[in-house]
Structures are given as structure tokens and as C-alpha cells.
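*Asks:* The structure under discussion is supplied below as C-alpha cells; questions concerning it will follow.
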Amino acid sequence: MDVEREHDQTYQAAEVQRLANGLDPRGRGLGMWAFVAHRITGIGLVVYLLLHLLVLSVLAQGPHGWDSFVALARTPVFLVLDVVLIAGTLIHGLNGVRVALTGMGFGLRHQRPALVALTIVAAIALVYAAHRIFTS
Amino acid sequence: MNHAAPHNKAGLRWLVQAGSGLLLLVLLCLHIIANHFVVPGGLQTYADVVRYLSNPVVLILEMTLLVAVTGHAALGVRAILFDLGLSREAGRNVSLALGMLGIVAVAYGAWLTSKVIGG
């Protein structure tokens, strides 16, 4: 029984290692970095979505609850988090466009330049968004 | 037995994922612009929010955004979890749980919106 349990634990540890290695983009192509970034930003956006729904519950408290929240949302920490959110959305969204197009057979031979171009677009959009967030 | 059925389902899920993603690009842009740039300074007061959500066109767009983002998120999380190598039974349970979580999220968003509009 103990030998079986030890085998299970060894097997599970090996499985975790295999998965971790499979998701490690180091030493691999640009596409793997894009895949990992897509997944990480996706998970981040899911967490944000749940928090967003939760936070919006202050609306149910009426004007007082909402006004207090808006005051908090305009603090520097939250503004920085807004920029991080925009960055995650741009990375996930624009890479998603590339994945959708290549998945449908468009631009299969131009994936690397498409990825580079979309990264540049995302960087420009992020700088603009950060400027608007901190100066509005 | 239709051996192509699992592949058809997977293909359909991919199409829904890609389609909802492309739809989200448009809806999210509209959502961000409307919430932060149309009214000077964005939707600052509770009255701004009520006025905004009382517009039927806005209401339809926001509900569509909620459904699209919830579906896209649920399918995305499902894809990540399935890549971990789930058993058939675990996969079914994951799909069911995510589906239910999605329904709860959309229902909650719809309830909150109706509460805000209704006052």
C-alpha cells in the first residue's frame, strides 16, 4: 500500500513537472511566448471579471456606495492597476485576433511579422491609454 | 455511432470562442469609450450610471458584452483545464461547473442592472 502511494506521488510529481516543462517558453520560439502570455493574461482577465462583478455590487447600495467606490478608483494605486488591466486586455485581445485568423487559415506564413506588428500596436495603444488614465 | 461528433463539438466550441473574442473587441471598445470618455471624466456619479443604463441601446450592448465575455471566459478556462489532461468524468464535471458559474454570473449581472435601473 505504501509502495503504491509512493508510486502515485512520484507519478503525480512527474506529471506536474511534465506540464510545467510543457508550458515553459524559455528556449522555444516566439509563438510559445505568445501562447503563454495569452494564457496568463486570460487567467488574469477572468480574475478581473469576477472582481469587477463583485465590486459593481456597490451599485446596489445606491449613490453613497457608488460615490465612495469612485473616490477609491481614482487613487494612484487603482490607476496603475487600470493600466495593467489595459495591458493584459491588449495582449490577450490582439494575440487572440492573430490566433483566430491563423486558425481560420489566414496569414499562416506571416505569423511572426503579425505577432511583432500587433505587439507594436499594443505598445502604442497602451502608452496612449496610460496617458489618458493619468491625465483625465 | 457518429465518430465525427466530438470533433464537430470541439470545432463548434473553437468557433464560438473565436467569434465571441472578435465580438468582444468591438463591445469592449464601446464599453470603455462609453464609460470613460463620452461623459467628461467618465461615469462618475450614480445618476450618470442610471442614465447610461436606462438607454435601451446601451442596455442591449452591455448585456451582450456580459454574455459574450462570460462565455468566452468559461470556454478559455475550460481549455486550460482540459490541457492538464482530465479524465472523461472530470472533464464533464468541469464543463458543467463552468457552465453553471457562467449562468450565475450572467444572471447576477442582469439582476444588478435591473436593480440600478429600477431604483
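Scheme for the C-alpha cells: letters A, B, ... for chains in order shown; per-chain residue numbers from 1; ligand numbers from 1 in order shown.
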Chain A residues within 10 Å of chain B, counting only C-alpha atoms: which ones, as a PyMOL selection string?
*Replies:* chain A and resi 15-16+19+39+42-43+45-47+49-50+53-54+56-71+89-90+92-94+96-97+99-101+103-104+132-133+136
*Asks:* List every residue of region 53-109 of chain A that DSSP, applied to the backbone of this structure, places in alpha helix (DSSP H), and write the result as a count of residues only.
*Replies:* 42
